[in-house]
$ cat final.txt   # compact mmCIF, N, CA and C atoms
# COMPACT_ATOMS: atom_id res chain seq x y z
N MET H 5 0.80 -1.19 0.00
CA MET H 5 0.00 0.00 0.00
C MET H 5 0.84 1.26 0.00
N VAL H 6 1.99 1.23 0.61
CA VAL H 6 2.84 2.41 0.69
C VAL H 6 3.32 2.83 -0.70
N ILE H 7 3.65 1.87 -1.53
CA ILE H 7 4.11 2.17 -2.89
C ILE H 7 2.99 2.81 -3.69
N GLY H 8 1.77 2.34 -3.52
CA GLY H 8 0.62 2.92 -4.21
C GLY H 8 0.38 4.37 -3.81
N GLU H 9 0.58 4.67 -2.53
CA GLU H 9 0.41 6.05 -2.07
C GLU H 9 1.49 6.96 -2.64
N VAL H 10 2.71 6.46 -2.73
CA VAL H 10 3.81 7.24 -3.29
C VAL H 10 3.53 7.54 -4.76
N ILE H 11 3.01 6.57 -5.47
CA ILE H 11 2.69 6.77 -6.89
C ILE H 11 1.61 7.83 -7.05
N VAL H 12 0.61 7.79 -6.19
CA VAL H 12 -0.45 8.80 -6.26
C VAL H 12 0.11 10.19 -5.98
N TYR H 13 0.99 10.31 -4.98
CA TYR H 13 1.60 11.61 -4.69
C TYR H 13 2.50 12.08 -5.83
N PHE H 14 3.16 11.14 -6.48
CA PHE H 14 3.95 11.50 -7.65
C PHE H 14 3.07 12.09 -8.74
N TRP H 15 1.95 11.43 -9.03
CA TRP H 15 1.07 11.92 -10.09
C TRP H 15 0.43 13.25 -9.70
N LEU H 16 0.14 13.45 -8.42
CA LEU H 16 -0.38 14.74 -7.97
C LEU H 16 0.65 15.85 -8.18
N THR H 17 1.90 15.55 -7.86
CA THR H 17 2.97 16.52 -8.07
C THR H 17 3.12 16.84 -9.55
N ALA H 18 3.11 15.83 -10.39
CA ALA H 18 3.22 16.04 -11.83
C ALA H 18 2.03 16.86 -12.34
N PHE H 19 0.84 16.55 -11.82
CA PHE H 19 -0.37 17.28 -12.24
C PHE H 19 -0.24 18.77 -11.91
N PHE H 20 0.18 19.09 -10.68
CA PHE H 20 0.28 20.49 -10.30
C PHE H 20 1.42 21.21 -11.02
N LEU H 21 2.51 20.51 -11.31
CA LEU H 21 3.57 21.11 -12.12
C LEU H 21 3.09 21.42 -13.53
N LEU H 22 2.32 20.51 -14.10
CA LEU H 22 1.79 20.74 -15.44
C LEU H 22 0.79 21.90 -15.45
N VAL H 23 -0.02 21.99 -14.42
CA VAL H 23 -0.96 23.12 -14.34
C VAL H 23 -0.18 24.43 -14.23
N ALA H 24 0.88 24.46 -13.44
CA ALA H 24 1.71 25.67 -13.32
C ALA H 24 2.34 26.03 -14.66
N LEU H 25 2.82 25.03 -15.39
CA LEU H 25 3.41 25.30 -16.71
C LEU H 25 2.36 25.83 -17.68
N ILE H 26 1.17 25.28 -17.64
CA ILE H 26 0.10 25.75 -18.52
C ILE H 26 -0.26 27.19 -18.19
N VAL H 27 -0.31 27.53 -16.92
CA VAL H 27 -0.60 28.91 -16.51
C VAL H 27 0.48 29.86 -17.03
N LEU H 28 1.74 29.46 -16.93
CA LEU H 28 2.83 30.32 -17.42
C LEU H 28 2.75 30.52 -18.94
N VAL H 29 2.43 29.49 -19.68
CA VAL H 29 2.34 29.61 -21.14
C VAL H 29 1.12 30.44 -21.53
N ILE H 30 0.01 30.26 -20.85
CA ILE H 30 -1.18 31.07 -21.14
C ILE H 30 -0.92 32.54 -20.80
N TYR H 31 -0.19 32.79 -19.73
CA TYR H 31 0.18 34.16 -19.38
C TYR H 31 1.00 34.80 -20.50
N GLN H 32 1.94 34.04 -21.06
CA GLN H 32 2.74 34.56 -22.16
C GLN H 32 1.87 34.83 -23.39
N LEU H 33 0.94 33.93 -23.67
CA LEU H 33 0.03 34.15 -24.80
C LEU H 33 -0.86 35.37 -24.59
N MET H 34 -1.29 35.59 -23.35
CA MET H 34 -2.11 36.76 -23.06
C MET H 34 -1.30 38.05 -23.24
N CYS H 35 -0.05 38.04 -22.84
CA CYS H 35 0.80 39.21 -23.04
C CYS H 35 0.99 39.50 -24.52
N LEU H 36 1.17 38.45 -25.32
CA LEU H 36 1.32 38.64 -26.76
C LEU H 36 0.02 39.12 -27.39
N ALA H 37 -1.11 38.63 -26.92
CA ALA H 37 -2.40 39.09 -27.44
C ALA H 37 -2.66 40.54 -27.06
N ASP H 38 -2.30 40.92 -25.83
CA ASP H 38 -2.44 42.33 -25.42
C ASP H 38 -1.57 43.23 -26.28
N LEU H 39 -0.39 42.77 -26.61
CA LEU H 39 0.49 43.54 -27.48
C LEU H 39 -0.10 43.67 -28.88
N GLU H 40 -0.67 42.58 -29.37
CA GLU H 40 -1.24 42.59 -30.71
C GLU H 40 -2.42 43.56 -30.82
N PHE H 41 -3.19 43.68 -29.76
CA PHE H 41 -4.36 44.57 -29.76
C PHE H 41 -4.07 45.94 -29.16
N ASP H 42 -2.80 46.26 -28.97
CA ASP H 42 -2.34 47.57 -28.48
C ASP H 42 -2.86 47.93 -27.09
N HIS H 43 -2.97 46.94 -26.22
CA HIS H 43 -3.35 47.21 -24.85
C HIS H 43 -2.13 47.42 -23.96
N ILE H 44 -0.95 47.10 -24.48
CA ILE H 44 0.29 47.20 -23.72
C ILE H 44 1.40 47.57 -24.68
N ASN H 45 2.41 48.26 -24.18
CA ASN H 45 3.51 48.64 -25.07
C ASN H 45 4.51 47.49 -25.20
N PRO H 46 5.35 47.51 -26.23
CA PRO H 46 6.27 46.39 -26.47
C PRO H 46 7.27 46.15 -25.34
N TYR H 47 7.74 47.21 -24.69
CA TYR H 47 8.71 47.02 -23.62
C TYR H 47 8.09 46.27 -22.44
N ASP H 48 6.91 46.67 -22.03
CA ASP H 48 6.25 46.01 -20.90
C ASP H 48 5.91 44.56 -21.23
N SER H 49 5.43 44.34 -22.45
CA SER H 49 5.08 42.98 -22.85
C SER H 49 6.31 42.07 -22.85
N ALA H 50 7.40 42.55 -23.44
CA ALA H 50 8.62 41.74 -23.50
C ALA H 50 9.18 41.49 -22.11
N SER H 51 9.14 42.50 -21.24
CA SER H 51 9.70 42.29 -19.90
C SER H 51 8.82 41.34 -19.08
N GLN H 52 7.51 41.39 -19.25
CA GLN H 52 6.63 40.47 -18.53
C GLN H 52 6.82 39.03 -19.00
N ILE H 53 6.98 38.85 -20.30
CA ILE H 53 7.19 37.51 -20.84
C ILE H 53 8.56 36.97 -20.43
N ASN H 54 9.58 37.82 -20.51
CA ASN H 54 10.93 37.39 -20.18
C ASN H 54 11.09 37.02 -18.71
N LYS H 55 10.24 37.58 -17.84
CA LYS H 55 10.30 37.24 -16.41
C LYS H 55 9.90 35.80 -16.14
N VAL H 56 9.04 35.23 -16.97
CA VAL H 56 8.53 33.89 -16.69
C VAL H 56 9.19 32.81 -17.55
N ILE H 57 10.14 33.18 -18.40
CA ILE H 57 10.81 32.20 -19.26
C ILE H 57 11.64 31.22 -18.44
N TYR H 58 12.49 31.74 -17.56
CA TYR H 58 13.36 30.85 -16.79
C TYR H 58 12.59 29.96 -15.82
N PRO H 59 11.56 30.47 -15.12
CA PRO H 59 10.76 29.54 -14.30
C PRO H 59 10.08 28.45 -15.14
N GLU H 60 9.65 28.80 -16.35
CA GLU H 60 9.04 27.79 -17.23
C GLU H 60 10.06 26.72 -17.60
N PHE H 61 11.26 27.13 -17.97
CA PHE H 61 12.30 26.17 -18.34
C PHE H 61 12.67 25.29 -17.14
N GLY H 62 12.78 25.90 -15.96
CA GLY H 62 13.14 25.14 -14.77
C GLY H 62 12.06 24.13 -14.38
N LEU H 63 10.80 24.54 -14.43
CA LEU H 63 9.71 23.62 -14.11
C LEU H 63 9.64 22.47 -15.10
N GLN H 64 9.86 22.77 -16.38
CA GLN H 64 9.82 21.71 -17.38
C GLN H 64 10.96 20.73 -17.17
N GLY H 65 12.15 21.22 -16.86
CA GLY H 65 13.27 20.33 -16.57
C GLY H 65 13.03 19.48 -15.34
N PHE H 66 12.47 20.08 -14.30
CA PHE H 66 12.16 19.33 -13.08
C PHE H 66 11.10 18.26 -13.35
N LEU H 67 10.10 18.60 -14.15
CA LEU H 67 9.05 17.64 -14.48
C LEU H 67 9.62 16.47 -15.26
N CYS H 68 10.50 16.74 -16.19
CA CYS H 68 11.12 15.67 -16.98
C CYS H 68 11.98 14.78 -16.08
N LEU H 69 12.72 15.37 -15.16
CA LEU H 69 13.50 14.58 -14.21
C LEU H 69 12.61 13.76 -13.29
N LEU H 70 11.48 14.31 -12.90
CA LEU H 70 10.52 13.59 -12.06
C LEU H 70 10.00 12.36 -12.79
N PHE H 71 9.65 12.52 -14.06
CA PHE H 71 9.21 11.37 -14.85
C PHE H 71 10.33 10.35 -15.01
N LEU H 72 11.55 10.83 -15.22
CA LEU H 72 12.69 9.95 -15.44
C LEU H 72 13.01 9.13 -14.19
N PHE H 73 13.08 9.79 -13.04
CA PHE H 73 13.43 9.09 -11.80
C PHE H 73 12.33 8.16 -11.31
N SER H 74 11.09 8.42 -11.71
CA SER H 74 10.00 7.55 -11.28
C SER H 74 9.81 6.37 -12.23
N GLY H 75 10.49 6.38 -13.36
CA GLY H 75 10.43 5.26 -14.28
C GLY H 75 9.25 5.28 -15.23
N ASN H 76 8.63 6.43 -15.43
CA ASN H 76 7.53 6.57 -16.38
C ASN H 76 8.11 6.93 -17.75
N TRP H 77 8.53 5.90 -18.46
CA TRP H 77 9.27 6.11 -19.71
C TRP H 77 8.42 6.74 -20.80
N TRP H 78 7.14 6.42 -20.85
CA TRP H 78 6.28 7.01 -21.88
C TRP H 78 6.11 8.50 -21.65
N MET H 79 5.98 8.89 -20.41
CA MET H 79 5.84 10.31 -20.11
C MET H 79 7.16 11.05 -20.36
N VAL H 80 8.27 10.37 -20.11
CA VAL H 80 9.57 10.97 -20.43
C VAL H 80 9.69 11.18 -21.93
N LEU H 81 9.30 10.18 -22.69
CA LEU H 81 9.39 10.30 -24.15
C LEU H 81 8.47 11.39 -24.69
N LEU H 82 7.36 11.63 -24.02
CA LEU H 82 6.45 12.69 -24.48
C LEU H 82 6.90 14.08 -24.02
N SER H 83 7.65 14.16 -22.93
CA SER H 83 8.07 15.47 -22.43
C SER H 83 9.46 15.87 -22.90
N VAL H 84 10.25 14.95 -23.39
CA VAL H 84 11.61 15.28 -23.85
C VAL H 84 11.62 16.20 -25.08
N PRO H 85 10.72 16.05 -26.06
CA PRO H 85 10.76 17.00 -27.18
C PRO H 85 10.57 18.45 -26.75
N TYR H 86 9.69 18.68 -25.80
CA TYR H 86 9.47 20.03 -25.29
C TYR H 86 10.72 20.54 -24.57
N LEU H 87 11.36 19.68 -23.79
CA LEU H 87 12.59 20.05 -23.11
C LEU H 87 13.72 20.31 -24.11
N TYR H 88 13.80 19.48 -25.14
CA TYR H 88 14.81 19.68 -26.18
C TYR H 88 14.57 21.00 -26.92
N TYR H 89 13.30 21.29 -27.19
CA TYR H 89 12.95 22.54 -27.87
C TYR H 89 13.38 23.74 -27.04
N ASN H 90 13.12 23.70 -25.74
CA ASN H 90 13.55 24.78 -24.86
C ASN H 90 15.07 24.89 -24.81
N ALA H 91 15.75 23.75 -24.78
CA ALA H 91 17.22 23.77 -24.75
C ALA H 91 17.79 24.36 -26.03
N ARG H 92 17.18 24.02 -27.17
CA ARG H 92 17.65 24.58 -28.44
C ARG H 92 17.41 26.09 -28.52
N LEU H 93 16.27 26.55 -28.01
CA LEU H 93 16.01 27.98 -27.96
C LEU H 93 17.05 28.68 -27.09
N TYR H 94 17.39 28.07 -25.98
CA TYR H 94 18.37 28.67 -25.08
C TYR H 94 19.76 28.70 -25.72
N GLN H 95 20.14 27.61 -26.39
CA GLN H 95 21.45 27.56 -27.04
C GLN H 95 21.58 28.59 -28.16
N ARG H 96 20.51 28.79 -28.88
CA ARG H 96 20.51 29.76 -29.98
C ARG H 96 20.27 31.19 -29.51
N ARG H 97 20.05 31.35 -28.22
CA ARG H 97 19.74 32.64 -27.59
C ARG H 97 18.48 33.26 -28.19
N GLN H 98 17.48 32.41 -28.43
CA GLN H 98 16.19 32.86 -28.94
C GLN H 98 15.10 32.71 -27.88
N HIS H 99 15.46 32.42 -26.65
CA HIS H 99 14.47 32.16 -25.63
C HIS H 99 13.86 33.44 -25.08
N LEU H 100 14.59 34.54 -25.07
CA LEU H 100 14.07 35.81 -24.60
C LEU H 100 13.55 36.63 -25.77
N ILE H 101 12.55 37.44 -25.50
CA ILE H 101 11.94 38.26 -26.54
C ILE H 101 12.68 39.59 -26.62
N ASP H 102 13.05 39.97 -27.82
CA ASP H 102 13.72 41.24 -28.06
C ASP H 102 12.66 42.33 -28.25
N VAL H 103 12.82 43.43 -27.54
CA VAL H 103 11.82 44.50 -27.58
C VAL H 103 11.74 45.12 -28.96
N THR H 104 12.87 45.23 -29.64
CA THR H 104 12.86 45.91 -30.93
C THR H 104 12.29 45.04 -32.05
N GLU H 105 12.29 43.73 -31.87
CA GLU H 105 11.81 42.82 -32.91
C GLU H 105 10.50 42.14 -32.57
N ILE H 106 9.85 42.55 -31.51
CA ILE H 106 8.69 41.82 -31.03
C ILE H 106 7.53 41.86 -32.02
N PHE H 107 7.34 42.98 -32.71
CA PHE H 107 6.24 43.05 -33.68
C PHE H 107 6.50 42.18 -34.90
N ASN H 108 7.76 42.09 -35.31
CA ASN H 108 8.10 41.25 -36.46
C ASN H 108 7.98 39.77 -36.14
N GLN H 109 8.18 39.40 -34.89
CA GLN H 109 8.17 38.00 -34.49
C GLN H 109 6.89 37.60 -33.75
N LEU H 110 5.87 38.43 -33.79
CA LEU H 110 4.67 38.19 -33.00
C LEU H 110 3.97 36.89 -33.37
N ASN H 111 3.76 36.64 -34.65
CA ASN H 111 3.09 35.40 -35.07
C ASN H 111 3.92 34.16 -34.75
N GLN H 112 5.23 34.25 -34.96
CA GLN H 112 6.11 33.13 -34.64
C GLN H 112 6.12 32.84 -33.14
N GLU H 113 6.14 33.88 -32.32
CA GLU H 113 6.13 33.68 -30.87
C GLU H 113 4.80 33.09 -30.40
N LYS H 114 3.70 33.51 -31.00
CA LYS H 114 2.41 32.93 -30.63
C LYS H 114 2.34 31.46 -31.03
N LYS H 115 2.90 31.11 -32.19
CA LYS H 115 2.91 29.71 -32.62
C LYS H 115 3.76 28.86 -31.69
N ARG H 116 4.89 29.40 -31.23
CA ARG H 116 5.74 28.67 -30.27
C ARG H 116 4.97 28.36 -29.00
N ARG H 117 4.29 29.38 -28.49
CA ARG H 117 3.54 29.18 -27.25
C ARG H 117 2.37 28.22 -27.44
N LEU H 118 1.73 28.26 -28.59
CA LEU H 118 0.63 27.32 -28.85
C LEU H 118 1.14 25.88 -28.94
N PHE H 119 2.31 25.68 -29.56
CA PHE H 119 2.92 24.36 -29.59
C PHE H 119 3.18 23.85 -28.18
N LYS H 120 3.73 24.73 -27.35
CA LYS H 120 4.00 24.34 -25.96
C LYS H 120 2.70 24.04 -25.22
N LEU H 121 1.68 24.85 -25.45
CA LEU H 121 0.42 24.65 -24.75
C LEU H 121 -0.24 23.34 -25.14
N ILE H 122 -0.23 23.00 -26.41
CA ILE H 122 -0.81 21.73 -26.87
C ILE H 122 -0.07 20.55 -26.25
N ASN H 123 1.25 20.62 -26.24
CA ASN H 123 2.05 19.55 -25.64
C ASN H 123 1.75 19.41 -24.15
N LEU H 124 1.63 20.52 -23.45
CA LEU H 124 1.37 20.47 -22.02
C LEU H 124 -0.03 19.95 -21.70
N VAL H 125 -1.01 20.31 -22.53
CA VAL H 125 -2.37 19.82 -22.31
C VAL H 125 -2.44 18.31 -22.52
N ILE H 126 -1.73 17.81 -23.52
CA ILE H 126 -1.69 16.35 -23.73
C ILE H 126 -1.05 15.66 -22.53
N LEU H 127 0.06 16.21 -22.04
CA LEU H 127 0.71 15.65 -20.85
C LEU H 127 -0.19 15.73 -19.62
N LEU H 128 -0.96 16.81 -19.51
CA LEU H 128 -1.86 16.96 -18.37
C LEU H 128 -2.95 15.89 -18.38
N PHE H 129 -3.55 15.66 -19.54
CA PHE H 129 -4.59 14.64 -19.61
C PHE H 129 -4.03 13.24 -19.37
N LEU H 130 -2.84 12.98 -19.88
CA LEU H 130 -2.23 11.68 -19.62
C LEU H 130 -1.87 11.50 -18.14
N SER H 131 -1.36 12.54 -17.52
CA SER H 131 -1.03 12.41 -16.09
C SER H 131 -2.30 12.28 -15.26
N LEU H 132 -3.36 12.96 -15.66
CA LEU H 132 -4.64 12.81 -14.96
C LEU H 132 -5.17 11.39 -15.10
N PHE H 133 -5.05 10.83 -16.30
CA PHE H 133 -5.47 9.45 -16.53
C PHE H 133 -4.68 8.49 -15.66
N TRP H 134 -3.34 8.64 -15.63
CA TRP H 134 -2.51 7.73 -14.85
C TRP H 134 -2.72 7.92 -13.36
N MET H 135 -3.04 9.14 -12.93
CA MET H 135 -3.32 9.36 -11.52
C MET H 135 -4.60 8.63 -11.12
N ILE H 136 -5.63 8.76 -11.92
CA ILE H 136 -6.89 8.07 -11.63
C ILE H 136 -6.70 6.56 -11.68
N TYR H 137 -5.94 6.09 -12.64
CA TYR H 137 -5.66 4.65 -12.76
C TYR H 137 -4.92 4.13 -11.54
N SER H 138 -3.93 4.89 -11.06
CA SER H 138 -3.18 4.43 -9.88
C SER H 138 -4.02 4.48 -8.61
N ILE H 139 -4.94 5.45 -8.52
CA ILE H 139 -5.85 5.48 -7.36
C ILE H 139 -6.78 4.28 -7.38
N LEU H 140 -7.34 3.97 -8.54
CA LEU H 140 -8.25 2.82 -8.65
C LEU H 140 -7.51 1.50 -8.43
N GLU H 141 -6.27 1.43 -8.90
CA GLU H 141 -5.47 0.23 -8.71
C GLU H 141 -5.10 0.06 -7.24
N ASP H 142 -4.90 1.16 -6.55
CA ASP H 142 -4.55 1.11 -5.13
C ASP H 142 -5.73 0.64 -4.28
N ASP H 143 -6.96 0.93 -4.73
CA ASP H 143 -8.14 0.52 -3.97
C ASP H 143 -8.39 -0.98 -4.05
N GLU H 144 -7.92 -1.62 -5.09
CA GLU H 144 -8.19 -3.05 -5.26
C GLU H 144 -7.38 -3.92 -4.37
$ encode --input "final.txt" --output "structure tokens"
Amino acid sequence: MVIGEVIVYFWLTAFFLLVALIVLVIYQLMCLADLEFDHINPYDSASQINKVIYPEFGLQGFLCLLFLFSGNWWMVLLSVPYLYYNARLYQRRQHLIDVTEIFNQLNQEKKRRLFKLINLVILLFLSLFWMIYSILEDDE
């Protein structure tokens, strides 16, 4: 029974990390939408988005390590492309938004965030499924 409880706590942790990541990505999308509709100036939008980039990268890395150390190989395989994408953005120094180029890159930045959001929502539903499965398995 103890192992079943640990698995449930693991899935709860993964669930809340994924929700936090989704909130960060939606916040970035909202900042880009506000910029597109002229509700905010480019400097404020870029600084607000750039503030949450590093926490997003750190949470994603921690989530991938959590899946790896717990032995959930399918979840690792589904979360590694997102982690690799973030690492490539960081290596190319494209992870932060440039204030002077934000209008030229607005559509590309929105597509990046939508890709991340779709990936995170898929991971969220899978982790929710596995959490419910482990709870039901623990009851038997």
$ atom_distance --input "final.txt" --atom1 "CA of Phe41 (chain H)" --atom2 "CA of Asn111 (chain H)"
13.0 Å
$ atom_distance --input "final.txt" --atom1 "CA of Ser138 (chain H)" --atom2 "atom N of Ile11 (chain H)"
7.9 Å
$ select_by_dssp --input "final.txt" --residues "chain H" --states "helix (DSSP H, G or I)" --output "PyMOL selection string"
chain H and resi 6-40+46-74+77-95+110-143
$ closest_residue --input "final.txt" --among "H:Ser83, H:Asn45, H:Gln112, H:Asn90" --to "Phe61 (chain H)" --atoms "all atoms listed in the file"
H:Asn90
$ atom_distance --input "final.txt" --atom1 "atom N of Leu87 (chain H)" --atom2 "CA of Glu60 (chain H)"
10.7 Å
$ residues_around --input "final.txt" --residues "region 114-127 of chain H" --least-positions-apart "6" --cutoff "6.5 Å" --atoms "only N, CA and C atoms" --output "PyMOL selection string"
chain H and resi 26+29+33
$ residues_around --input "final.txt" --residues "region 65-71 of chain H" --least-positions-apart "2" --cutoff "7 Å" --atoms "all atoms listed in the file" --output "MDAnalysis selection string"
chainID H and resid 18 21 60:63 73:77 79:80 83:84 87
$ closest_residue --input "final.txt" --among "H:Cys35, H:Leu93, H:Val12, H:His99" --to "Tyr47 (chain H)" --atoms "only C-alpha atoms"
H:Cys35
$ axis_aligned_box --input "final.txt" --around "region 58-63 of chain H" --padding-each-side "8 Å" --output "JSON"
{"center_x": 11.2, "center_y": 27.1, "center_z": -16.2, "size_x": 20.3, "size_y": 25.3, "size_z": 20.2}
$ closest_residue --input "final.txt" --among "H:Asp38, H:Val10, H:Trp15, H:Ile101" --to "Ser131 (chain H)" --atoms "only N, CA and C atoms"
H:Trp15
$ closest_residue --input "final.txt" --among "H:Glu113, H:Ile7, H:Tyr58, H:Ile44" --to "Gln32 (chain H)" --atoms "all atoms listed in the file"
H:Glu113
$ closest_residue --input "final.txt" --among "H:Ala50, H:Leu28, H:Val6, H:Leu22" --to "Glu105 (chain H)" --atoms "only C-alpha atoms"
H:Ala50
$ closest_residue --input "final.txt" --among "H:Gln95, H:Gln109, H:Gln52, H:Thr17" --to "Leu128 (chain H)" --atoms "only C-alpha atoms"
H:Thr17
$ decode --input "final.txt" --residues "region 105-120 of chain H" --atoms "N, CA and C atoms" --output "JSON list (two decimals), in the first residue's frame"
[["chain", "number", "residue", "atom", "x", "y", "z"],
["H", 105, "GLU", "N", 12.29, 43.73, -31.87],
["H", 105, "GLU", "CA", 11.81, 42.82, -32.91],
["H", 105, "GLU", "C", 10.50, 42.14, -32.57],
["H", 106, "ILE", "N", 9.85, 42.55, -31.51],
["H", 106, "ILE", "CA", 8.69, 41.82, -31.03],
["H", 106, "ILE", "C", 7.53, 41.86, -32.02],
["H", 107, "PHE", "N", 7.34, 42.98, -32.71],
["H", 107, "PHE", "CA", 6.24, 43.05, -33.68],
["H", 107, "PHE", "C", 6.50, 42.18, -34.90],
["H", 108, "ASN", "N", 7.76, 42.09, -35.31],
["H", 108, "ASN", "CA", 8.10, 41.25, -36.46],
["H", 108, "ASN", "C", 7.98, 39.77, -36.14],
["H", 109, "GLN", "N", 8.18, 39.40, -34.89],
["H", 109, "GLN", "CA", 8.17, 38.00, -34.49],
["H", 109, "GLN", "C", 6.89, 37.60, -33.75],
["H", 110, "LEU", "N", 5.87, 38.43, -33.79],
["H", 110, "LEU", "CA", 4.67, 38.19, -33.00],
["H", 110, "LEU", "C", 3.97, 36.89, -33.37],
["H", 111, "ASN", "N", 3.76, 36.64, -34.65],
["H", 111, "ASN", "CA", 3.09, 35.40, -35.07],
["H", 111, "ASN", "C", 3.92, 34.16, -34.75],
["H", 112, "GLN", "N", 5.23, 34.25, -34.96],
["H", 112, "GLN", "CA", 6.11, 33.13, -34.64],
["H", 112, "GLN", "C", 6.12, 32.84, -33.14],
["H", 113, "GLU", "N", 6.14, 33.88, -32.32],
["H", 113, "GLU", "CA", 6.13, 33.68, -30.87],
["H", 113, "GLU", "C", 4.80, 33.09, -30.40],
["H", 114, "LYS", "N", 3.70, 33.51, -31.00],
["H", 114, "LYS", "CA", 2.41, 32.93, -30.63],
["H", 114, "LYS", "C", 2.34, 31.46, -31.03],
["H", 115, "LYS", "N", 2.90, 31.11, -32.19],
["H", 115, "LYS", "CA", 2.91, 29.71, -32.62],
["H", 115, "LYS", "C", 3.76, 28.86, -31.69],
["H", 116, "ARG", "N", 4.89, 29.40, -31.23],
["H", 116, "ARG", "CA", 5.74, 28.67, -30.27],
["H", 116, "ARG", "C", 4.97, 28.36, -29.00],
["H", 117, "ARG", "N", 4.29, 29.38, -28.49],
["H", 117, "ARG", "CA", 3.54, 29.18, -27.25],
["H", 117, "ARG", "C", 2.37, 28.22, -27.44],
["H", 118, "LEU", "N", 1.73, 28.26, -28.59],
["H", 118, "LEU", "CA", 0.63, 27.32, -28.85],
["H", 118, "LEU", "C", 1.14, 25.88, -28.94],
["H", 119, "PHE", "N", 2.31, 25.68, -29.56],
["H", 119, "PHE", "CA", 2.92, 24.36, -29.59],
["H", 119, "PHE", "C", 3.18, 23.85, -28.18],
["H", 120, "LYS", "N", 3.73, 24.73, -27.35],
["H", 120, "LYS", "CA", 4.00, 24.34, -25.96],
["H", 120, "LYS", "C", 2.70, 24.04, -25.22]]
